[in-house]
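Trainee: Structure: target23.cif, mmCIF, C-alpha atoms.
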data_target
loop_
_atom_site.label_atom_id
_atom_site.label_comp_id
_atom_site.auth_asym_id
_atom_site.auth_seq_id
_atom_site.Cartn_x
_atom_site.Cartn_y
_atom_site.Cartn_z
CA SER A 1 9.55 -4.15 8.08
CA ILE A 2 12.23 -2.71 5.82
CA CYS A 3 10.51 0.45 4.54
CA PRO A 4 12.09 3.57 6.11
CA LEU A 5 8.80 5.46 5.81
CA SER A 6 6.78 2.76 7.54
CA THR A 7 9.44 2.24 10.22
CA ALA A 8 9.59 5.94 11.05
CA ALA A 9 5.79 6.08 11.14
CA THR A 10 5.57 3.09 13.49
CA ILE A 11 8.12 4.58 15.89
CA SER A 12 6.39 7.98 15.89
CA LYS A 13 3.01 6.36 16.60
CA LYS A 14 4.44 4.86 19.80
CA ILE A 15 5.44 8.34 20.94
CA ALA A 16 2.22 10.16 20.03
CA ALA A 17 -0.97 9.07 18.28
CA LEU A 18 -4.29 10.89 17.91
CA LYS A 19 -5.87 7.83 16.22
CA ILE A 20 -8.29 9.78 14.04
CA LYS A 21 -10.24 7.68 11.54
CA PRO A 22 -9.10 8.34 7.97
CA PRO A 23 -11.58 10.65 6.23
CA ALA A 24 -13.99 9.17 3.72
CA TRP A 25 -12.71 11.37 0.89
CA LEU A 26 -9.20 10.01 1.40
CA LYS A 27 -10.36 6.40 1.17
CA LYS A 28 -12.62 7.16 -1.78
CA ASN A 29 -9.96 8.98 -3.80
CA SER A 30 -6.97 6.88 -2.83
CA PHE A 31 -6.89 5.29 -6.29
CA LEU A 32 -6.13 8.77 -7.70
CA ILE A 33 -3.96 10.10 -4.86
CA ILE A 34 -1.42 7.24 -5.05
CA PRO A 35 -0.76 7.52 -8.83
CA LEU A 36 -0.62 11.31 -8.57
CA GLY A 37 1.95 11.02 -5.79
CA PHE A 38 3.96 8.58 -7.89
CA VAL A 39 3.99 10.96 -10.86
CA ILE A 40 5.02 13.84 -8.59
CA ILE A 41 7.88 11.79 -7.11
CA LEU A 42 9.18 10.79 -10.56
CA THR A 43 8.91 14.37 -11.81
CA ILE A 44 10.77 15.82 -8.81
CA GLU A 45 13.48 13.15 -9.06
CA HIS A 46 13.92 13.96 -12.73
CA LEU A 47 13.93 17.75 -12.35
CA PHE A 48 16.47 17.74 -9.53
CA HIS A 49 18.66 14.97 -11.02
CA MET A 50 18.45 12.91 -7.84
CA ALA A 51 20.19 9.95 -9.43
CA VAL A 52 23.43 11.93 -9.23
CA THR A 53 22.59 14.64 -6.68
CA LEU A 54 22.64 12.76 -3.40
CA VAL A 55 21.90 15.79 -1.22
CA ALA A 56 18.67 16.47 -3.09
CA ALA A 57 17.73 12.79 -2.89
CA GLY A 58 18.40 12.75 0.85
CA ILE A 59 16.29 15.86 1.46
CA PHE A 60 13.45 14.41 -0.59
CA LEU A 61 13.56 11.10 1.29
CA LEU A 62 13.47 12.95 4.62
CA SER A 63 10.46 14.93 3.35
CA LEU A 64 8.62 11.69 2.57
CA ILE A 65 9.51 10.28 6.00
CA PHE A 66 8.18 13.47 7.58
CA LEU A 67 4.88 13.15 5.70
CA ALA A 68 4.53 9.50 6.71
CA THR A 69 5.22 10.45 10.32
CA ILE A 70 2.57 13.19 10.29
CA PHE A 71 -0.03 10.76 8.94
CA SER A 72 0.97 8.20 11.54
CA VAL A 73 0.53 10.63 14.42
CA LEU A 74 -2.79 11.96 13.13
CA PHE A 75 -4.59 8.85 11.90
CA GLU A 76 -5.21 5.36 13.26
CA ARG A 77 -3.36 2.31 12.01
CA GLU A 78 -1.19 2.76 8.89
CA THR A 79 -3.31 5.19 6.90
CA TRP A 80 -0.29 6.47 4.97
CA CYS A 81 0.66 2.99 3.74
CA ARG A 82 -2.87 2.04 2.71
CA TYR A 83 -4.27 5.20 1.16
CA VAL A 84 -1.41 7.58 0.30
CA CYS A 85 2.02 6.01 -0.17
CA PRO A 86 3.08 5.98 -3.86
CA LEU A 87 5.95 3.57 -3.17
CA GLY A 88 3.62 1.15 -1.43
CA GLY A 89 1.24 1.44 -4.37
CA LEU A 90 4.04 0.57 -6.77
CA GLY A 91 4.96 -2.46 -4.68
CA ALA A 92 1.32 -3.54 -4.66
CA ILE A 93 1.42 -3.99 -8.44
CA PHE A 94 4.07 -6.69 -8.08
CA THR A 95 2.28 -8.51 -5.28
CA VAL A 96 -0.52 -9.50 -7.66
CA GLY A 97 1.77 -12.20 -9.02
CA GLY A 98 3.24 -13.11 -5.64
CA THR A 99 3.48 -16.56 -4.10
CA LEU A 100 2.31 -15.81 -0.54
CA ASN A 101 -1.29 -14.83 0.18
CA VAL A 102 -3.42 -14.51 3.28
CA LYS A 103 -6.94 -15.81 2.68
CA ALA A 104 -9.96 -16.58 4.83
CA ASN A 105 -12.65 -19.22 4.65
CA PRO A 106 -15.86 -17.45 3.51
CA ASP A 107 -18.11 -20.06 5.11
CA VAL A 108 -16.49 -19.63 8.52
CA CYS A 109 -16.44 -15.82 8.30
CA SER A 110 -20.09 -15.53 7.27
CA SER A 111 -21.56 -18.12 9.63
CA ARG A 112 -19.44 -18.16 12.78
CA CYS A 113 -17.68 -14.81 13.02
CA LYS A 114 -19.43 -11.81 14.58
CA THR A 115 -16.48 -9.76 15.83
CA HIS A 116 -14.13 -9.61 12.80
CA GLU A 117 -11.11 -9.59 15.08
CA CYS A 118 -8.81 -10.29 12.13
CA ASN A 119 -9.56 -6.77 10.94
CA LYS A 120 -10.40 -4.90 14.13
CA GLY A 121 -8.10 -6.71 16.53
CA SER A 122 -8.80 -8.20 19.94
CA ALA A 123 -7.88 -7.50 23.54
CA THR A 124 -4.58 -9.32 23.11
CA GLN A 125 -3.77 -8.92 19.40
CA PRO A 126 -3.84 -5.85 17.12
CA GLY A 127 -5.93 -5.89 13.98
CA CYS A 128 -4.82 -5.37 10.42
CA PRO A 129 -2.61 -2.25 10.21
CA VAL A 130 -3.83 -1.44 6.69
CA PHE A 131 -7.60 -1.91 7.23
CA HIS A 132 -7.68 -5.16 5.27
CA HIS A 133 -10.02 -8.09 5.84
CA PRO A 134 -8.56 -11.42 4.64
CA LEU A 135 -12.04 -12.48 3.53
CA TYR A 136 -11.69 -10.05 0.62
CA ALA A 137 -8.78 -11.87 -0.99
CA LYS A 138 -9.12 -9.90 -4.23
CA GLU A 139 -7.63 -6.94 -2.35
CA ASN A 140 -4.66 -8.80 -0.93
CA HIS A 141 -2.32 -6.50 -2.84
CA VAL A 142 -2.66 -4.17 0.16
CA CYS A 143 -1.64 -6.93 2.60
CA LYS A 144 1.73 -6.36 4.30
CA LEU A 145 2.01 -9.99 5.44
CA CYS A 146 2.30 -8.95 9.08
CA PHE A 147 0.14 -12.00 10.03
CA ASN A 148 -1.83 -10.08 12.67
CA CYS A 149 -5.02 -11.59 11.28
CA LEU A 150 -3.68 -15.13 11.66
CA LYS A 151 -2.90 -14.44 15.32
CA SER A 152 -6.15 -12.66 16.15
CA CYS A 153 -8.71 -14.83 14.28
CA PRO A 154 -10.51 -16.93 16.94
CA HIS A 155 -11.86 -19.38 14.34
CA ASN A 156 -8.61 -20.15 12.48
CA SER A 157 -10.27 -18.95 9.30
CA ALA A 158 -7.38 -16.79 8.12
CA LYS A 159 -4.63 -18.90 6.55
CA LEU A 160 -1.33 -18.27 4.81
CA THR A 161 -1.41 -19.89 1.38
CA LEU A 162 1.34 -20.65 -1.10
CA GLN A 163 0.81 -20.62 -4.85
CA LEU A 164 2.94 -20.71 -7.97
CA PRO A 165 4.38 -17.35 -9.07
CA LEU A 166 2.22 -15.30 -11.48
CA VAL A 167 -0.73 -17.72 -11.23
CA LYS A 168 -3.01 -15.12 -9.71
CA ILE A 169 -2.44 -12.74 -12.62
CA TRP A 170 -4.23 -15.14 -14.96
CA LYS A 171 -7.00 -15.85 -12.46
CA GLN A 172 -7.58 -12.18 -11.68
CA LYS A 173 -10.92 -11.16 -13.17
CA GLU A 174 -10.34 -7.45 -12.74
CA LEU A 175 -7.78 -5.17 -11.18
CA PRO A 176 -8.83 -2.73 -8.46
CA ASN A 177 -8.96 0.92 -9.47
CA SER A 178 -5.91 1.74 -7.36
CA LEU A 179 -3.74 -0.71 -9.30
CA SER A 180 -5.19 0.04 -12.71
CA VAL A 181 -4.62 3.80 -12.58
CA LEU A 182 -1.16 3.42 -11.07
CA ALA A 183 -0.12 0.80 -13.63
CA LEU A 184 -1.18 3.13 -16.44
CA SER A 185 0.74 6.01 -14.83
CA VAL A 186 3.91 3.91 -14.67
CA PHE A 187 3.39 2.74 -18.25
CA PHE A 188 3.15 6.27 -19.67
CA MET A 189 5.65 7.99 -17.35
CA ALA A 190 8.54 5.62 -18.10
CA PRO A 191 8.91 6.40 -21.85
CA LEU A 192 8.23 10.09 -21.19
CA LEU A 193 11.09 10.37 -18.72
CA LEU A 194 13.40 8.31 -20.90
CA GLY A 195 12.55 10.56 -23.84
CA THR A 196 13.32 13.78 -21.98
CA ARG A 197 16.64 12.32 -20.79
CA PHE A 198 17.52 11.44 -24.40
CA PHE A 199 16.86 15.00 -25.59
CA GLU A 200 18.87 16.46 -22.69
CA GLU A 201 21.91 14.48 -23.83
CA LEU A 202 21.68 15.82 -27.39
#
Write out the structure in this file as structure tokens.

Mentor:
Amino acid sequence: SICPLSTAATISKKIAALKIKPPAWLKKNSFLIIPLGFVIILTIEHLFHMAVTLVAAGIFLLSLIFLATIFSVLFERETWCRYVCPLGGLGAIFTVGGTLNVKANPDVCSSRCKTHECNKGSATQPGCPVFHHPLYAKENHVCKLCFNCLKSCPHNSAKLTLQLPLVKIWKQKELPNSLSVLALSVFFMAPLLLGTRFFEEL
């Protein structure tokens, strides 16, 4: 609700939308595309000194908004946010330790649900904008907490849960590929960029 890229994409989708399904290669390689985009963003920011060159930073932000808008017009739902956006991927790392989670009751979903309206939507309510099913709680780092699934689930299976901060980090058995690769990219890029800045000042 506060991301300029997502907001611009949502507005553009209301004007024009082809609603093409995201290609399989995009979904399959998202865990590499997001970290690569993050590295490219950091590199461009560093090369063009965007921390002090506001014009360059503004042009770059407009370029990202343009890309998000193109994806929104071409593909259904919020394909950019789920499979491409480096900033969304970075935010997803921090949601692993978050306090709010949307979860579903596996027993209800497997025995009573046939339509999966929480994901696909219904005649009166839209489905999940980022192709997420609350049954798969281990992937709730992609959840935008829009609560569409809570409104559309006819069995009241999807629930908003509250937990202590950071608890899920210790309970997490394994991180998804998308978070693992991105976390490693952030870990190695940070000292690299700080090192180059140090040598520039010498």

Trainee: Using the chain letters and numbers from this file, what does the PyMOL selection byres ((chain A and resi 85) around 10) select? Give the answer as number ranges by chain.

Mentor: A: 5-6, 30, 33-35, 37-38, 64, 67-68, 79-84, 86-90

Trainee: Could the residues in this selection be saved with C-alpha atoms as a PDB file, keeping the file's coordinate frame?

Mentor:
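Ended up saving to part_0.pdb:
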ATOM      1  CA  LEU A   5       8.800   5.460   5.810  1.00  0.00           C
ATOM      2  CA  SER A   6       6.780   2.760   7.540  1.00  0.00           C
ATOM      3  CA  SER A  30      -6.970   6.880  -2.830  1.00  0.00           C
ATOM      4  CA  ILE A  33      -3.960  10.100  -4.860  1.00  0.00           C
ATOM      5  CA  ILE A  34      -1.420   7.240  -5.050  1.00  0.00           C
ATOM      6  CA  PRO A  35      -0.760   7.520  -8.830  1.00  0.00           C
ATOM      7  CA  GLY A  37       1.950  11.020  -5.790  1.00  0.00           C
ATOM      8  CA  PHE A  38       3.960   8.580  -7.890  1.00  0.00           C
ATOM      9  CA  LEU A  64       8.620  11.690   2.570  1.00  0.00           C
ATOM     10  CA  LEU A  67       4.880  13.150   5.700  1.00  0.00           C
ATOM     11  CA  ALA A  68       4.530   9.500   6.710  1.00  0.00           C
ATOM     12  CA  THR A  79      -3.310   5.190   6.900  1.00  0.00           C
ATOM     13  CA  TRP A  80      -0.290   6.470   4.970  1.00  0.00           C
ATOM     14  CA  CYS A  81       0.660   2.990   3.740  1.00  0.00           C
ATOM     15  CA  ARG A  82      -2.870   2.040   2.710  1.00  0.00           C
ATOM     16  CA  TYR A  83      -4.270   5.200   1.160  1.00  0.00           C
ATOM     17  CA  VAL A  84      -1.410   7.580   0.300  1.00  0.00           C
ATOM     18  CA  PRO A  86       3.080   5.980  -3.860  1.00  0.00           C
ATOM     19  CA  LEU A  87       5.950   3.570  -3.170  1.00  0.00           C
ATOM     20  CA  GLY A  88       3.620   1.150  -1.430  1.00  0.00           C
ATOM     21  CA  GLY A  89       1.240   1.440  -4.370  1.00  0.00           C
ATOM     22  CA  LEU A  90       4.040   0.570  -6.770  1.00  0.00           C
TER      23      LEU A  90
END

Trainee: Which distance in Å separates atom CA of A:Pro191 and atom CA of A:His49, to one decimal?

Mentor: 16.9 Å

Trainee: I'd like to see the residues matched by the PyMOL selection byres ((chain A and resi 162) around 6) on this file, and ideally I'd get them as a PyMOL selection string.

Mentor: chain A and resi 99-100+161+163

Trainee: Suppose a student applies the PyMOL selection byres ((chain A and resi 105) around 10) to this structure; what residues should they get, written as a VMD selection string?

Mentor: chain A and resid 103 to 104 106 to 110 134 to 135 155 to 159

Trainee: Those selected residues, please, written with C-alpha atoms and delivered as a short mmCIF file (atom, residue, chain, number, x, y, z; two decimals), in the frame of the given file.

Mentor:
data_model
loop_
_atom_site.label_atom_id
_atom_site.label_comp_id
_atom_site.auth_asym_id
_atom_site.auth_seq_id
_atom_site.Cartn_x
_atom_site.Cartn_y
_atom_site.Cartn_z
CA LYS A 103 -6.94 -15.81 2.68
CA ALA A 104 -9.96 -16.58 4.83
CA PRO A 106 -15.86 -17.45 3.51
CA ASP A 107 -18.11 -20.06 5.11
CA VAL A 108 -16.49 -19.63 8.52
CA CYS A 109 -16.44 -15.82 8.30
CA SER A 110 -20.09 -15.53 7.27
CA PRO A 134 -8.56 -11.42 4.64
CA LEU A 135 -12.04 -12.48 3.53
CA HIS A 155 -11.86 -19.38 14.34
CA ASN A 156 -8.61 -20.15 12.48
CA SER A 157 -10.27 -18.95 9.30
CA ALA A 158 -7.38 -16.79 8.12
CA LYS A 159 -4.63 -18.90 6.55
#

Trainee: For stretch 124-131 of chain A, find every residue with an atom within 12 Å (counting only C-alpha atoms), except residues of its own chain fewer than 2 positions away, and show them as an MDAnalysis selection string.

Mentor: chainID A and resid 6 9:10 21:22 27 72 75:85 88 102 115:122 133:134 136 139:154 158

Trainee: With distances taken over all atoms listed in the file, which residue among A:Val39, A:Ile20, A:Leu61, A:Ile2 lies nearest A:Phe187?

Mentor: A:Val39

Trainee: In Å, how far is it from atom CA of A:Ala16 to atom CA of A:Cys3?

Mentor: 20.1 Å

Trainee: Measuring atom to atom with only C-alpha atoms, identify which of A:His46, A:Leu32, A:Lys114, A:Leu74 is nearest to A:Ala183.

Mentor: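 Nearest to A:Ala183: A:Leu32.
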
Trainee: Leaving out A:Leu166 and any residue of its chain fewer than 2 positions from it, which residues lie within 7 Å of it when counting all atoms listed in the file, given as a list in words?

Mentor: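 These residues fall inside the cut-off: Gly97, Gly98, Leu164, Lys168 and Ile169 of chain A.
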
Trainee: Could you name the residues that touch A:Val73 at 7 Å or less, counting all atoms listed in the file, but leaving out those on the same chain fewer than 5 positions away, as an MDAnalysis selection string?

Mentor: chainID A and resid 12:13 16:18

Trainee: For atom CA of A:Glu45 and atom CA of A:Ile59, determine how far apart the two atoms are, in Å to one decimal place.

Mentor: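 Computed distance, atom CA of A:Glu45 to atom CA of A:Ile59, equals 11.2 Å.
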
Trainee: I'd like to know which of A:Ile93, A:Ile44, A:Leu62, A:Leu36 is closest to A:Ser180, using all atoms listed in the file.

Mentor: A:Ile93

Trainee: Ranking A:Thr69, A:Thr7, A:Ser63, A:Thr53 by minimum distance to A:Ile41 and counting only C-alpha atoms, which one comes first?

Mentor: A:Ser63

Trainee: Produce the centre coordinates and the three edge lengths, each in Å to one decimal, of the box along x, y and z that contains all listed atoms of stretch 1-20 of chain A with 6 Å added on each side, as AutoDock Vina command-line options.

Mentor:
--center_x 2.0 --center_y 3.4 --center_z 12.7 --size_x 32.5 --size_y 27.0 --size_z 28.4
